[in-house]
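See structure below.
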Amino acid sequence: MALSAKQTRMLDILARRAAWVTAAELASELGVTTRSIRSYTAALKELVESGANGYRLDRDAYDRWLEKVEAGAGAGFGAGSGDTADSPQERLVFLVRRLLDEPDGIDVYETAESLFVSDSTIESDLTRMRGLLADTELTLARHGPVVQLAGPEIARRKLLSRLFRDEMRQGVVDIARIQEAFDSQGLASFKSDLVEMLDARGFFVNEYGINDVLLHMAVALDRVAKDRVLPATADPEVNETIQTLADDLGTLVAEHFDVVLDPTELRYLAILLRTRVIAPGAGSDTVAEFVSEDDLAVVRGIVARASTEYLVDLRDENFIVRLTLHVQNLVARAHEKSYSRNPLTRSIKSSYPMIYELAVYIASRLQAAEDIVVNDDEIAYIAMHVGAYLEQQSRRRDAVTCAVICPNYYDMHILLRERLESALGDELDVTAVITSTEADWDAIDADLVLSTIDPRGRRENTVIVQPFLTETDIEHTRQAIARIRRQRRRARIKNDLLEYFDDGLFLRNFYARDPISMIRALGDRMIAAEAIDQDYVDKTIEREHMSSTAFTDSLAVPHAMTMSAKRTAIAIVVNDTAMDWGDARVNVIAFIAFDTGGRASFQTVFDQFVEVFSDRDAVLGLIRRADSFAAFIDELVRIIDS
C-alpha cells in the first residue's frame, strides 16, 4: 500500500494519540478538509477504525503494516531484490542502487521498459534524484540516453546509508533490517562482541548511535564485495586510540564475516565509531588523552554564558569535560554533514522545553565558534547531556517536604522513615516524625503527610500507608509527590504568566503565510506596544532558524535567545485553523519577550507554559471558548487550575 505524505502524517498523528480523534481535529492538523480525511480513511482501510467519536488506529493492524513497510524498505536495498519498483520512492531507491552498482551508467529507455513505466516517468525520477544529490558530492552525468553517477566512493556510501535511514519509519535504525537489506547476516552477533570489546577497553557506548555505525559497516562490506573500495591513501597520522580501534575492528570483521578489510576502510570505520558511538570512561588520564585545552576553553566560555543567561549553574568541571568530549565529535560530524540521528528528539523537545532551549543556546554558540550547522537531532543530544546534569542538581532542591505520623510501638516509626528515605530519598524530605495518636493535624507544616492512622476526615495531600511500607504505598506516595509538584508549578505559572498578557496583544484568527511572517507581524505589534525593538525580532527569527519553536502539536513559542526586551510581554494568537510551523501544525502562537530582570521568571513561564498547552483536549477547549481576551484569560486559568 503506497501512501501519500498526508496519509502517512495522518497515521503518525493517530499513532501518538490513545483516544479517538475527530475528523475536524485531523483536518486542522493536516491542513485539509474533513472530506479529505474521510477519503484518507477509506484508502487506509483496516489500519484506521472510524466511529461516532472519530478515528483511531487499529494497533494490531498498524503494527503488522509497519513490519511490512520496514521489511519492504530493507528488501528494496537487497542485492537480489529484482527489478520491481511500484511507487516513486521505490523507483528512486532502485535507480540509486542501479547507478551505484553500474559505473558505466544506465540507459534511461531500457530502465523504463524494465520497470514498465514511461520514459517521462524515469526522467521525472531523475529530476527528483538531482534534488536528493544537491547537498552531496555526487552529480548525475548525462550522455544521450545513458546516465552516470559521478563522485567519490565515500559520498556514494553516505547516500546509500541516508536512503536506508529515510525508509525506517520509526527513526531508529533496526539491525535486523540492515541484515536483510545488505545480506550481512551475523551483524547482531558482531554488535555483541563489539560492545563487549569496547566495554573491556573502558568506553561508554551510545546505544542510540551504534546501529547507525553498523549500517555504515554493512554498506562498506556490501561495496567492498562489489570491488567498490575507498581509494588507498598514505598512512595518515592517527592517534593510538583510532589505530587500536581499527585493529580490533579488523579482527572482529574477519571473525564474523570472513572478510579482510584494508587499513583505509578500517580507519574510516574506527573514526565513525569514535565520533558517533563511544566516549572514554571516567578518570583523569583518559580525559587528558581525549580532550584538548583549546576545546575545553571554548566549551567553558559557552557554558559560562549559558549559565548567566538562563540562571542555571552548569559550571561543573566534570560536566564540562563530558560535554567537550561530545562537542568534539559533534563538530567532526557537522564538518562532514554526517549527523547522528536521535530517536528521542521530538519527545525531548516537547517534554523538556527549557532544557532543549538551553541546548539550542549552546548549539548556537558552537555554530558561531566552529562555523558549522547543528541540526535538531544533534541539539537533542546536547539536551540529554544538559538534562542529565540538571536532573542531578535539582532533585533535592525540588524535594517535597513530608511529615510522617506513626504511633510509637518499639521502633516501627524509625523503620518506616528509613524505608521511605531508601525508596524516595531523592524526591521526599522527611521533616517531622510524629509518634503520638493525638497529632495536631492543623499544626503540621509539610507538603505531604504520610500516616499509618486514619486522619479523621478527608485531608488534602494526606496518604494512608502501612507501618511496614509496601510497594503499593510507595507508588501511591510517588503519585502524591507528582501531584504536589504539579500544583506548585501551576501556581507559579498562574502568578507569573497572567501579568504578562495584554489585551492589545491578543489576536483571534490571525494568520500569516509562514512562521517568519507571523513573527514579523507579531513583532511589529510588540514594537508598537514598546515591549521590544527590531533587534529582538531579528534575534527571534535567528532562534527560529536554529530549530522550530513548535514545542507541541498545538503550540509554537517564538522568542529570542537573550533576555533583551524593553519589558516582559507575551503576544498571543489563537486560531481555529492550524498553520504549518516547522514539522508541526499549531493553533496557538505565543511570542514571548523577556527583559533582563525577567530571567528567573522565564524558566518557570517557558517550561510550564508548554506543559499547559501539551494537553490537546485543553487546547481545543481554549480554541472553542477564547473568543475574546477576557474569555482567553478565564479559560487559561481554568486549565491551569484543573
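Lettering and numbering for the C-alpha cells are positional, with chains as A, B, ... in the shown order, residues counted from 1 in each chain, and ligands counted from 1 in the shown order.
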Based on DSSP run over this structure's backbone, return all residues of region 399-562 of chain A in strand (DSSP E), as a CSV table (one decimal) with N, CA and C atoms, in the first residue's frame.
```csv
chain,number,residue,atom,x,y,z
A,400,VAL,N,9.8,17.2,47.9
A,400,VAL,CA,8.6,17.5,48.6
A,400,VAL,C,8.8,17.3,50.1
A,401,THR,N,8.5,18.2,51.0
A,401,THR,CA,8.6,18.0,52.4
A,401,THR,C,7.5,17.1,52.9
A,402,CYS,N,7.8,16.3,53.9
A,402,CYS,CA,6.9,15.3,54.3
A,402,CYS,C,6.9,15.1,55.9
A,403,ALA,N,5.7,15.0,56.4
A,403,ALA,CA,5.6,14.7,57.9
A,403,ALA,C,5.0,13.2,57.9
A,404,VAL,N,5.6,12.4,58.8
A,404,VAL,CA,5.2,11.0,59.0
A,404,VAL,C,4.5,10.9,60.3
A,405,ILE,N,3.3,10.3,60.3
A,405,ILE,CA,2.5,10.1,61.5
A,405,ILE,C,2.5,8.5,61.7
A,428,LEU,N,11.7,13.0,48.4
A,428,LEU,CA,11.0,13.3,49.6
A,428,LEU,C,11.9,13.7,50.7
A,429,ASP,N,11.6,14.8,51.4
A,429,ASP,CA,12.4,15.3,52.5
A,429,ASP,C,11.5,15.2,53.8
A,430,VAL,N,11.8,14.1,54.6
A,430,VAL,CA,11.1,13.9,55.8
A,430,VAL,C,11.5,14.9,56.9
A,431,THR,N,10.6,15.9,57.2
A,431,THR,CA,10.9,16.9,58.1
A,431,THR,C,10.4,16.7,59.5
A,432,ALA,N,9.5,15.8,59.7
A,432,ALA,CA,8.9,15.5,61.0
A,432,ALA,C,8.4,14.1,61.1
A,433,VAL,N,8.6,13.5,62.2
A,433,VAL,CA,8.0,12.1,62.5
A,433,VAL,C,7.2,12.3,63.8
A,434,ILE,N,5.9,12.1,63.7
A,434,ILE,CA,5.0,12.3,64.9
A,434,ILE,C,4.6,10.9,65.3
A,448,LEU,N,3.3,17.2,52.3
A,448,LEU,CA,2.6,15.9,52.3
A,448,LEU,C,2.7,15.2,53.7
A,449,VAL,N,1.6,14.6,54.0
A,449,VAL,CA,1.5,13.8,55.2
A,449,VAL,C,1.3,12.4,54.9
A,450,LEU,N,2.2,11.5,55.5
A,450,LEU,CA,2.0,10.1,55.3
A,450,LEU,C,1.7,9.5,56.7
A,451,SER,N,0.5,8.9,56.8
A,451,SER,CA,0.0,8.5,58.1
A,451,SER,C,-0.4,7.0,58.1
A,462,THR,N,-2.9,14.0,52.0
A,462,THR,CA,-2.6,13.0,53.0
A,462,THR,C,-2.7,11.6,52.4
A,463,VAL,N,-1.7,10.8,52.7
A,463,VAL,CA,-1.8,9.4,52.1
A,463,VAL,C,-1.7,8.4,53.3
A,464,ILE,N,-2.6,7.5,53.3
A,464,ILE,CA,-2.6,6.4,54.3
A,464,ILE,C,-1.6,5.3,53.8
A,501,PHE,N,0.3,39.2,30.0
A,501,PHE,CA,-0.6,39.3,28.9
A,501,PHE,C,-1.2,40.7,28.8
A,502,ASP,N,-1.5,41.0,27.6
A,502,ASP,CA,-2.0,42.4,27.3
A,502,ASP,C,-3.2,42.3,26.3
A,503,ASP,N,-4.3,42.9,26.6
A,503,ASP,CA,-5.5,42.9,25.7
A,503,ASP,C,-5.1,43.3,24.3
A,504,GLY,N,-4.2,44.3,24.2
A,504,GLY,CA,-3.8,44.7,22.8
A,504,GLY,C,-2.9,43.8,22.1
A,505,LEU,N,-2.4,42.8,22.7
A,505,LEU,CA,-1.5,41.8,22.1
A,505,LEU,C,-2.2,40.4,22.0
A,506,PHE,N,-3.5,40.4,22.1
A,506,PHE,CA,-4.3,39.2,21.9
A,506,PHE,C,-5.0,39.2,20.5
A,507,LEU,N,-4.7,38.2,19.7
A,507,LEU,CA,-5.3,38.2,18.4
A,507,LEU,C,-6.0,36.9,18.1
A,508,ARG,N,-7.2,37.0,17.6
A,508,ARG,CA,-8.1,35.8,17.3
A,508,ARG,C,-8.2,35.6,15.8
A,555,LEU,N,1.2,24.2,19.8
A,555,LEU,CA,1.7,25.4,20.3
A,555,LEU,C,3.1,25.7,19.8
A,556,ALA,N,3.3,27.0,19.3
A,556,ALA,CA,4.6,27.5,19.0
A,556,ALA,C,4.9,28.7,19.9
```
Alpha helix (DSSP H) positions in region 42-190 of chain A, given as a PyMOL selection string
chain A and resi 42-44+59-75+88-101+108-115+119-132+153-167+175-182+187-190
Work out how far CA of Thr568 (chain A) is from CA of Phe551 (chain A), in Å to one decimal.
20.8 Å
Non-local contacts of His385 (chain A) (9 Å; only C-alpha atoms; under 4 positions in same chain excluded) as an NGL selection string:
:A and (319 or 322-323 or 326 or 359 or 380-381 or 389-390)
Near Val327 (chain A), within 12 Å and counting only C-alpha atoms, which residues show up once chain neighbours fewer than 4 positions away are dropped, as a VMD selection string?
chain A and resid 275 to 276 279 290 to 292 295 to 296 298 to 300 302 320 to 323 331 to 334 359 362 to 363 365 to 367 369 to 370 372 374 378 to 379 381 to 382 385
Nearest residue to Ala19 (chain A) out of A:Val219, A:Arg616, A:Gly131, A:Met579, using only C-alpha atoms?
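Closest residue, counting only C-alpha atoms: A:Arg616.
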Near region 134-141 of chain A, within 6 Å and counting only C-alpha atoms, which residues show up once chain neighbours fewer than 4 positions away are dropped, as an mmCIF file with C-alpha atoms, in the first residue's frame?
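Here's the written file part.cif:
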```cif
data_model
loop_
_atom_site.group_PDB
_atom_site.id
_atom_site.type_symbol
_atom_site.label_atom_id
_atom_site.label_comp_id
_atom_site.auth_asym_id
_atom_site.auth_seq_id
_atom_site.Cartn_x
_atom_site.Cartn_y
_atom_site.Cartn_z
ATOM 1 C CA VAL A 147 23.069 8.450 -17.096
ATOM 2 C CA GLN A 148 26.013 8.012 -14.749
ATOM 3 C CA LEU A 149 26.573 8.862 -11.103
ATOM 4 C CA ALA A 150 29.783 10.829 -10.623
ATOM 5 C CA GLY A 151 31.542 11.470 -7.314
#
```
Which residue of A:Ala218, A:Leu198, A:Ile589, A:Ile242 approaches Gln185 (chain A) most closely, using only C-alpha atoms
A:Ala218
State, in Å with one decimal place, the distance from CA of Ala297 (chain A) to CA of Leu314 (chain A).
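For CA of Ala297 (chain A) relative to CA of Leu314 (chain A), the distance reads 14.3 Å.
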